[in-house]
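Step one of this worksheet: look at the structure below.
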Amino acid sequence: MDSGFALRRAAQTDAMFLGDMLVEAASWRAGGVRPRHEVLNSADHRRYLAGWKRMADDGLVATGAHEVPVGAAWYRVLPQNAPGFGFVGVAVPELIIGVHPLWRARGVGRALLRGVIELAGTQGHARISLSVERDNFARNLYRAEGFALVAEGESRETMARRTR
Ligand SMILES: CC(C)(COP(=O)(O)OP(=O)(O)OC[C@H]1O[C@@H](n2cnc3c(N)ncnc32)[C@H](O)[C@@H]1OP(=O)(O)O)[C@@H](O)C(=O)NCCC(=O)NCCS
């Protein structure tokens, strides 16, 4: 059956859409949508996207009809002295994923996740990591796709998996 979406490599011109998905990732809790400028300017979140697309940045965009973007997953290598929530080691990229609310629970997230893991592997990264709040169902998706717990915080978990 046609899933209604396709994946393509994220380009530099996708920065605005990736920003939308970063806002989604930061406001996953029902009723918790945070203002775009607040998320994109916060120290916690801007590090995942500022200056996109840098040398080691890469990712995928899911598109629906007429190539309209509906979701994205990307990764960035963050330095040890300014790590992200999901930092597990030097040169291990951190993953960010978000799907437009109207497109959720239709397989887009899983497809993006699988695709971006493979992409990271082909780009020479042996591992990839992420951070997820413990009560976000996405945690189950990550576990089902092979991510294992690396560290536990008060409300967050850091997970990682090998790319191959
Ligand atoms: C997390 C997210 C990327 C998953 O993308 P998605 O396209 O909705 O996921 P999929 O359709 O591929 O579904 C993956 C699995 O999650 C399950 N799932 C989807 N929506 C769900 C929900 N609201 N509650 C519980 N499980 C859900 C699906 O059932 C599926 O499992 P299954 O195949 O065993 O049934 C997306 O929901 C999202 O953008 N959420 C808000 C942002 C966010 O939380 N990002 C991650 C921050 S760490």
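To be explicit about the labels: the chains of the structure tokens are called A, B, and onward in the order shown, and within each one the residues are counted from 1, while ligands get numbers from 1 in the order they are shown.
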
Test item: residues at most 7 Å from region 96-100 of chain A, only C-alpha atoms, excluding those fewer than 2 positions along its chain, as a list in words =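 Counting only the stated atoms, we get Met21, Leu22, Glu24, Ala25, Val70, Gly71, Ala72, Ala73, Trp74, Tyr75, Glu94, Leu102, Trp103, Arg104 and Gly109 of chain A.
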
Which neighbours of Arg9 (chain A) fall inside 9 Å, counting only C-alpha atoms, when residues of the same chain fewer than 2 positions from it are skipped, and could you give them as a PDB file with all heavy atoms, in the first residue's frame?
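Generated output (result-v5.pdb):
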```
ATOM      1  N   LEU A   7      10.836   9.877   1.579  1.00  0.00           N
ATOM      2  CA  LEU A   7      11.957  10.473   2.312  1.00  0.00           C
ATOM      3  C   LEU A   7      12.977  11.030   1.327  1.00  0.00           C
ATOM      4  O   LEU A   7      13.228  10.433   0.288  1.00  0.00           O
ATOM      5  CB  LEU A   7      12.655   9.422   3.193  1.00  0.00           C
ATOM      6  CG  LEU A   7      11.816   8.685   4.241  1.00  0.00           C
ATOM      7  CD1 LEU A   7      12.730   7.790   5.074  1.00  0.00           C
ATOM      8  CD2 LEU A   7      11.055   9.648   5.132  1.00  0.00           C
ATOM      9  N   ALA A  11      18.243  19.342   3.141  1.00  0.00           N
ATOM     10  CA  ALA A  11      19.135  20.320   2.518  1.00  0.00           C
ATOM     11  C   ALA A  11      19.282  21.540   3.418  1.00  0.00           C
ATOM     12  O   ALA A  11      18.540  21.693   4.391  1.00  0.00           O
ATOM     13  CB  ALA A  11      18.568  20.753   1.165  1.00  0.00           C
ATOM     14  N   ASP A  58      23.559  16.101   9.170  1.00  0.00           N
ATOM     15  CA  ASP A  58      22.853  15.417   8.080  1.00  0.00           C
ATOM     16  C   ASP A  58      21.486  14.972   8.568  1.00  0.00           C
ATOM     17  O   ASP A  58      21.225  14.957   9.779  1.00  0.00           O
ATOM     18  CB  ASP A  58      23.656  14.216   7.571  1.00  0.00           C
ATOM     19  CG  ASP A  58      23.631  14.153   6.040  1.00  0.00           C
ATOM     20  OD1 ASP A  58      22.593  14.537   5.454  1.00  0.00           O
ATOM     21  OD2 ASP A  58      24.630  13.723   5.449  1.00  0.00           O
ATOM     22  N   GLY A  59      20.628  14.630   7.622  1.00  0.00           N
ATOM     23  CA  GLY A  59      19.300  14.209   8.032  1.00  0.00           C
ATOM     24  C   GLY A  59      18.387  13.939   6.857  1.00  0.00           C
ATOM     25  O   GLY A  59      18.808  13.992   5.694  1.00  0.00           O
ATOM     26  N   LEU A  60      17.142  13.638   7.191  1.00  0.00           N
ATOM     27  CA  LEU A  60      16.139  13.302   6.185  1.00  0.00           C
ATOM     28  C   LEU A  60      14.864  14.100   6.438  1.00  0.00           C
ATOM     29  O   LEU A  60      14.536  14.394   7.592  1.00  0.00           O
ATOM     30  CB  LEU A  60      15.791  11.806   6.261  1.00  0.00           C
ATOM     31  CG  LEU A  60      16.926  10.824   5.959  1.00  0.00           C
ATOM     32  CD1 LEU A  60      16.472   9.402   6.270  1.00  0.00           C
ATOM     33  CD2 LEU A  60      17.356  10.923   4.482  1.00  0.00           C
ATOM     34  N   VAL A  61      14.180  14.413   5.347  1.00  0.00           N
ATOM     35  CA  VAL A  61      12.877  15.069   5.438  1.00  0.00           C
ATOM     36  C   VAL A  61      11.860  14.127   4.819  1.00  0.00           C
ATOM     37  O   VAL A  61      12.104  13.538   3.766  1.00  0.00           O
ATOM     38  CB  VAL A  61      12.896  16.423   4.680  1.00  0.00           C
ATOM     39  CG1 VAL A  61      11.497  17.003   4.565  1.00  0.00           C
ATOM     40  CG2 VAL A  61      13.826  17.404   5.378  1.00  0.00           C
ATOM     41  N   ALA A  62      10.729  13.954   5.506  1.00  0.00           N
ATOM     42  CA  ALA A  62       9.618  13.177   4.937  1.00  0.00           C
ATOM     43  C   ALA A  62       8.678  14.162   4.260  1.00  0.00           C
ATOM     44  O   ALA A  62       8.382  15.227   4.813  1.00  0.00           O
ATOM     45  CB  ALA A  62       8.886  12.420   6.044  1.00  0.00           C
TER      46      ALA A  62
END
```

Nearby residues (only C-alpha atoms) at most 10 Å from Tyr48 (chain A), same-chain spacing under 3 positions excluded, as a list in words | Leu18, Gly19, Leu22, Leu40, Ala43, Asp44, His45, Gly51, Trp52, Asp57, Trp74, Tyr75, Arg76, Val77, Leu78, Pro83, Gly84, Glu94, Leu95 and Ile96 of chain A

Looking only at the backbone, which of the residues in region 31-102 of chain A does DSSP tag as alpha helix (DSSP H), as a PyMOL selection string?
-> chain A and resi 36-41+43-46

Output for the residues just chosen: all heavy atoms as a PDB file, in the first residue's frame:
```
ATOM      1  N   ARG A  36       7.517  29.386  18.968  1.00  0.00           N
ATOM      2  CA  ARG A  36       8.660  29.062  18.125  1.00  0.00           C
ATOM      3  C   ARG A  36       9.928  29.825  18.549  1.00  0.00           C
ATOM      4  O   ARG A  36      10.987  29.228  18.721  1.00  0.00           O
ATOM      5  CB  ARG A  36       8.290  29.408  16.672  1.00  0.00           C
ATOM      6  CG  ARG A  36       9.361  29.081  15.683  1.00  0.00           C
ATOM      7  CD  ARG A  36       8.985  29.553  14.295  1.00  0.00           C
ATOM      8  NE  ARG A  36      10.147  29.438  13.425  1.00  0.00           N
ATOM      9  CZ  ARG A  36      10.427  28.359  12.688  1.00  0.00           C
ATOM     10  NH1 ARG A  36       9.629  27.341  12.709  1.00  0.00           N
ATOM     11  NH2 ARG A  36      11.509  28.313  11.959  1.00  0.00           N
ATOM     12  N   HIS A  37       9.798  31.138  18.715  1.00  0.00           N
ATOM     13  CA  HIS A  37      10.991  31.926  19.024  1.00  0.00           C
ATOM     14  C   HIS A  37      11.593  31.529  20.373  1.00  0.00           C
ATOM     15  O   HIS A  37      12.799  31.547  20.560  1.00  0.00           O
ATOM     16  CB  HIS A  37      10.670  33.429  18.993  1.00  0.00           C
ATOM     17  CG  HIS A  37       9.759  33.868  20.083  1.00  0.00           C
ATOM     18  ND1 HIS A  37       8.387  33.837  19.952  1.00  0.00           N
ATOM     19  CD2 HIS A  37       9.996  34.299  21.338  1.00  0.00           C
ATOM     20  CE1 HIS A  37       7.845  34.262  21.077  1.00  0.00           C
ATOM     21  NE2 HIS A  37       8.783  34.536  21.936  1.00  0.00           N
ATOM     22  N   GLU A  38      10.711  31.110  21.305  1.00  0.00           N
ATOM     23  CA  GLU A  38      11.207  30.712  22.629  1.00  0.00           C
ATOM     24  C   GLU A  38      12.068  29.447  22.519  1.00  0.00           C
ATOM     25  O   GLU A  38      13.154  29.360  23.087  1.00  0.00           O
ATOM     26  CB  GLU A  38      10.013  30.463  23.559  1.00  0.00           C
ATOM     27  CG  GLU A  38      10.423  30.087  24.970  1.00  0.00           C
ATOM     28  CD  GLU A  38       9.250  29.567  25.767  1.00  0.00           C
ATOM     29  OE1 GLU A  38       8.233  30.286  25.880  1.00  0.00           O
ATOM     30  OE2 GLU A  38       9.350  28.418  26.264  1.00  0.00           O
ATOM     31  N   VAL A  39      11.568  28.479  21.744  1.00  0.00           N
ATOM     32  CA  VAL A  39      12.316  27.218  21.581  1.00  0.00           C
ATOM     33  C   VAL A  39      13.614  27.466  20.814  1.00  0.00           C
ATOM     34  O   VAL A  39      14.698  27.055  21.243  1.00  0.00           O
ATOM     35  CB  VAL A  39      11.465  26.157  20.852  1.00  0.00           C
ATOM     36  CG1 VAL A  39      12.301  24.923  20.534  1.00  0.00           C
ATOM     37  CG2 VAL A  39      10.242  25.795  21.676  1.00  0.00           C
ATOM     38  N   LEU A  40      13.483  28.175  19.680  1.00  0.00           N
ATOM     39  CA  LEU A  40      14.650  28.311  18.807  1.00  0.00           C
ATOM     40  C   LEU A  40      15.727  29.217  19.393  1.00  0.00           C
ATOM     41  O   LEU A  40      16.885  29.148  18.998  1.00  0.00           O
ATOM     42  CB  LEU A  40      14.227  28.804  17.414  1.00  0.00           C
ATOM     43  CG  LEU A  40      13.291  27.851  16.668  1.00  0.00           C
ATOM     44  CD1 LEU A  40      13.042  28.340  15.253  1.00  0.00           C
ATOM     45  CD2 LEU A  40      13.835  26.426  16.628  1.00  0.00           C
ATOM     46  N   ASN A  41      15.344  30.047  20.344  1.00  0.00           N
ATOM     47  CA  ASN A  41      16.345  30.913  20.979  1.00  0.00           C
ATOM     48  C   ASN A  41      16.857  30.359  22.298  1.00  0.00           C
ATOM     49  O   ASN A  41      17.797  30.911  22.881  1.00  0.00           O
ATOM     50  CB  ASN A  41      15.775  32.317  21.202  1.00  0.00           C
ATOM     51  CG  ASN A  41      15.590  33.041  19.888  1.00  0.00           C
ATOM     52  OD1 ASN A  41      16.395  32.889  18.982  1.00  0.00           O
ATOM     53  ND2 ASN A  41      14.508  33.787  19.763  1.00  0.00           N
ATOM     54  N   ALA A  43      18.884  28.199  24.883  1.00  0.00           N
ATOM     55  CA  ALA A  43      20.212  27.581  24.816  1.00  0.00           C
ATOM     56  C   ALA A  43      20.084  26.061  24.661  1.00  0.00           C
ATOM     57  O   ALA A  43      20.858  25.421  23.958  1.00  0.00           O
ATOM     58  CB  ALA A  43      21.003  27.929  26.064  1.00  0.00           C
ATOM     59  N   ASP A  44      19.073  25.487  25.305  1.00  0.00           N
ATOM     60  CA  ASP A  44      18.887  24.039  25.278  1.00  0.00           C
ATOM     61  C   ASP A  44      18.606  23.513  23.873  1.00  0.00           C
ATOM     62  O   ASP A  44      18.977  22.392  23.540  1.00  0.00           O
ATOM     63  CB  ASP A  44      17.701  23.639  26.164  1.00  0.00           C
ATOM     64  CG  ASP A  44      18.081  23.619  27.629  1.00  0.00           C
ATOM     65  OD1 ASP A  44      19.284  23.726  27.920  1.00  0.00           O
ATOM     66  OD2 ASP A  44      17.168  23.500  28.460  1.00  0.00           O
ATOM     67  N   HIS A  45      17.898  24.308  23.070  1.00  0.00           N
ATOM     68  CA  HIS A  45      17.448  23.783  21.786  1.00  0.00           C
ATOM     69  C   HIS A  45      18.156  24.350  20.560  1.00  0.00           C
ATOM     70  O   HIS A  45      18.283  23.667  19.560  1.00  0.00           O
ATOM     71  CB  HIS A  45      15.925  23.983  21.648  1.00  0.00           C
ATOM     72  CG  HIS A  45      15.166  23.163  22.630  1.00  0.00           C
ATOM     73  ND1 HIS A  45      14.677  23.680  23.805  1.00  0.00           N
ATOM     74  CD2 HIS A  45      14.875  21.847  22.644  1.00  0.00           C
ATOM     75  CE1 HIS A  45      14.093  22.714  24.488  1.00  0.00           C
ATOM     76  NE2 HIS A  45      14.197  21.597  23.815  1.00  0.00           N
ATOM     77  N   ARG A  46      18.602  25.594  20.657  1.00  0.00           N
ATOM     78  CA  ARG A  46      19.175  26.202  19.459  1.00  0.00           C
ATOM     79  C   ARG A  46      20.437  25.475  18.992  1.00  0.00           C
ATOM     80  O   ARG A  46      20.753  25.455  17.811  1.00  0.00           O
ATOM     81  CB  ARG A  46      19.422  27.703  19.642  1.00  0.00           C
ATOM     82  CG  ARG A  46      20.487  28.069  20.653  1.00  0.00           C
ATOM     83  CD  ARG A  46      20.575  29.581  20.800  1.00  0.00           C
ATOM     84  NE  ARG A  46      20.851  30.284  19.554  1.00  0.00           N
ATOM     85  CZ  ARG A  46      22.061  30.392  19.004  1.00  0.00           C
ATOM     86  NH1 ARG A  46      23.099  29.850  19.608  1.00  0.00           N
ATOM     87  NH2 ARG A  46      22.230  31.021  17.873  1.00  0.00           N
TER      88      ARG A  46
END
```

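Minimum atom-to-atom distance to ligand 1, evaluated using only C-alpha atoms and all ligand atoms, belongs to A:Val23 out of A:Ala120, A:Val23, A:Ala91, A:Val68.
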
One decimal, Å: what's the distance from CA of Pro79 (chain A) over to CA of Glu118 (chain A), could you say?
->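 Between CA of Pro79 (chain A) and CA of Glu118 (chain A) the gap works out to 22.4 Å.
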
Name the residues of region 21-159 of chain A that come out as strand (DSSP E) in a backbone DSSP run; write them as an mmCIF file with N, CA and C atoms, in the first residue's frame.
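In the end it all went to result-v1.cif:
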```
data_model
loop_
_atom_site.group_PDB
_atom_site.id
_atom_site.type_symbol
_atom_site.label_atom_id
_atom_site.label_comp_id
_atom_site.auth_asym_id
_atom_site.auth_seq_id
_atom_site.Cartn_x
_atom_site.Cartn_y
_atom_site.Cartn_z
ATOM 1 N N ASP A 58 23.559 16.101 9.170
ATOM 2 C CA ASP A 58 22.853 15.417 8.080
ATOM 3 C C ASP A 58 21.486 14.972 8.568
ATOM 4 N N GLY A 59 20.628 14.630 7.622
ATOM 5 C CA GLY A 59 19.300 14.209 8.032
ATOM 6 C C GLY A 59 18.387 13.939 6.857
ATOM 7 N N LEU A 60 17.142 13.638 7.191
ATOM 8 C CA LEU A 60 16.139 13.302 6.185
ATOM 9 C C LEU A 60 14.864 14.100 6.438
ATOM 10 N N VAL A 61 14.180 14.413 5.347
ATOM 11 C CA VAL A 61 12.877 15.069 5.438
ATOM 12 C C VAL A 61 11.860 14.127 4.819
ATOM 13 N N ALA A 62 10.729 13.954 5.506
ATOM 14 C CA ALA A 62 9.618 13.177 4.937
ATOM 15 C C ALA A 62 8.678 14.162 4.260
ATOM 16 N N THR A 63 8.248 13.815 3.059
ATOM 17 C CA THR A 63 7.343 14.701 2.334
ATOM 18 C C THR A 63 6.056 13.977 1.975
ATOM 19 N N PRO A 69 6.816 19.142 3.112
ATOM 20 C CA PRO A 69 7.475 18.460 4.232
ATOM 21 C C PRO A 69 6.506 18.145 5.380
ATOM 22 N N VAL A 70 6.600 16.924 5.909
ATOM 23 C CA VAL A 70 5.687 16.507 6.989
ATOM 24 C C VAL A 70 6.436 16.009 8.223
ATOM 25 N N GLY A 71 7.734 15.830 8.108
ATOM 26 C CA GLY A 71 8.503 15.363 9.251
ATOM 27 C C GLY A 71 9.985 15.402 8.927
ATOM 28 N N ALA A 72 10.795 15.367 9.962
ATOM 29 C CA ALA A 72 12.241 15.383 9.730
ATOM 30 C C ALA A 72 12.972 14.699 10.868
ATOM 31 N N ALA A 73 14.103 14.116 10.532
ATOM 32 C CA ALA A 73 15.022 13.567 11.542
ATOM 33 C C ALA A 73 16.416 13.948 11.091
ATOM 34 N N TRP A 74 17.184 14.483 12.009
ATOM 35 C CA TRP A 74 18.535 14.896 11.644
ATOM 36 C C TRP A 74 19.465 14.684 12.832
ATOM 37 N N TYR A 75 20.773 14.789 12.541
ATOM 38 C CA TYR A 75 21.722 14.640 13.629
ATOM 39 C C TYR A 75 22.815 15.687 13.527
ATOM 40 N N ARG A 76 23.418 15.933 14.648
ATOM 41 C CA ARG A 76 24.500 16.913 14.738
ATOM 42 C C ARG A 76 25.492 16.413 15.775
ATOM 43 N N GLU A 94 24.029 13.427 17.804
ATOM 44 C CA GLU A 94 22.746 13.376 18.529
ATOM 45 C C GLU A 94 21.602 13.552 17.533
ATOM 46 N N LEU A 95 20.583 12.758 17.733
ATOM 47 C CA LEU A 95 19.440 12.723 16.818
ATOM 48 C C LEU A 95 18.287 13.583 17.339
ATOM 49 N N ILE A 96 17.623 14.254 16.407
ATOM 50 C CA ILE A 96 16.402 15.013 16.718
ATOM 51 C C ILE A 96 15.344 14.554 15.710
ATOM 52 N N ILE A 97 14.123 14.371 16.180
ATOM 53 C CA ILE A 97 13.072 13.918 15.262
ATOM 54 C C ILE A 97 11.746 14.589 15.610
ATOM 55 N N GLY A 98 10.999 14.916 14.567
ATOM 56 C CA GLY A 98 9.669 15.472 14.768
ATOM 57 C C GLY A 98 8.811 15.213 13.542
ATOM 58 N N VAL A 99 7.533 14.965 13.768
ATOM 59 C CA VAL A 99 6.576 14.745 12.677
ATOM 60 C C VAL A 99 5.415 15.718 12.891
ATOM 61 N N ARG A 127 27.965 5.140 16.007
ATOM 62 C CA ARG A 127 26.854 5.193 16.980
ATOM 63 C C ARG A 127 26.070 6.472 16.780
ATOM 64 N N ILE A 128 24.868 6.466 17.312
ATOM 65 C CA ILE A 128 24.034 7.663 17.306
ATOM 66 C C ILE A 128 23.257 7.671 18.623
ATOM 67 N N SER A 129 23.030 8.854 19.157
ATOM 68 C CA SER A 129 22.375 8.921 20.468
ATOM 69 C C SER A 129 21.208 9.895 20.437
ATOM 70 N N LEU A 130 20.435 9.896 21.499
ATOM 71 C CA LEU A 130 19.307 10.818 21.621
ATOM 72 C C LEU A 130 18.927 10.945 23.089
ATOM 73 N N SER A 131 18.078 11.914 23.347
ATOM 74 C CA SER A 131 17.548 12.095 24.690
ATOM 75 C C SER A 131 16.040 12.164 24.593
ATOM 76 N N VAL A 132 15.365 11.521 25.515
ATOM 77 C CA VAL A 132 13.896 11.502 25.485
ATOM 78 C C VAL A 132 13.370 11.609 26.913
ATOM 79 N N GLU A 133 12.284 12.355 27.068
ATOM 80 C CA GLU A 133 11.671 12.418 28.391
ATOM 81 C C GLU A 133 10.976 11.087 28.665
ATOM 82 N N ALA A 148 19.315 1.661 23.225
ATOM 83 C CA ALA A 148 19.407 1.147 24.595
ATOM 84 C C ALA A 148 19.766 2.290 25.537
ATOM 85 N N LEU A 149 19.328 2.144 26.755
ATOM 86 C CA LEU A 149 19.559 3.156 27.781
ATOM 87 C C LEU A 149 21.060 3.303 28.076
ATOM 88 N N VAL A 150 21.524 4.555 28.086
ATOM 89 C CA VAL A 150 22.926 4.813 28.422
ATOM 90 C C VAL A 150 23.018 5.524 29.766
ATOM 91 N N ALA A 151 22.113 6.475 29.989
ATOM 92 C CA ALA A 151 22.129 7.231 31.246
ATOM 93 C C ALA A 151 20.723 7.706 31.568
ATOM 94 N N GLU A 152 20.460 7.830 32.872
ATOM 95 C CA GLU A 152 19.147 8.286 33.312
ATOM 96 C C GLU A 152 19.274 9.572 34.103
ATOM 97 N N ARG A 156 14.666 12.564 32.166
ATOM 98 C CA ARG A 156 15.093 12.207 30.815
ATOM 99 C C ARG A 156 15.936 10.949 30.791
ATOM 100 N N GLU A 157 15.927 10.312 29.628
ATOM 101 C CA GLU A 157 16.818 9.177 29.410
ATOM 102 C C GLU A 157 17.683 9.462 28.201
ATOM 103 N N THR A 158 18.934 9.092 28.288
ATOM 104 C CA THR A 158 19.825 9.154 27.139
ATOM 105 C C THR A 158 19.931 7.743 26.584
ATOM 106 N N MET A 159 19.756 7.630 25.276
ATOM 107 C CA MET A 159 19.796 6.314 24.632
ATOM 108 C C MET A 159 20.753 6.372 23.440
#
```

Atomic separation - CA of Asn140 (chain A) relative to CA of Ser3 (chain A), Å |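 About the pair CA of Ser3 (chain A) and CA of Asn140 (chain A): they are 21.9 Å apart.
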
Of the candidates A:Gly115, A:Gly153, A:Gly107, A:Gly146, which one gets nearest to ligand 1 if we count only C-alpha atoms and all ligand atoms?
->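 Nearest candidate to ligand 1 out of A:Gly115, A:Gly153, A:Gly107, A:Gly146: A:Gly107.
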
CA of Gln123 (chain A) and CA of Gln12 (chain A), how far apart in Å?
->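 One can read the CA of Gln12 (chain A) to CA of Gln123 (chain A) distance as 17.1 Å.
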
Which residue, A:Val33, A:Val92, A:Ala26, A:Ala6, has the smallest gap to His66 (chain A) when you use only C-alpha atoms?
-> A:Ala6

Which of A:Phe17, A:Phe147, A:Phe137, A:Phe5 sits closest to ligand 1 [using only C-alpha atoms and all ligand atoms] = A:Phe137

With distances taken over only C-alpha atoms, which of A:Arg164, A:Arg8, A:Arg110, A:Arg143 is nearest to Glu67 (chain A)?
-> A:Arg8

Which of these, A:Gly31, A:Gly89, A:Pro101, A:Gly124, has the shortest distance to ligand 1 once you count only C-alpha atoms and all ligand atoms?
->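 Of the candidates, the smallest distance to ligand 1 is held by A:Pro101.
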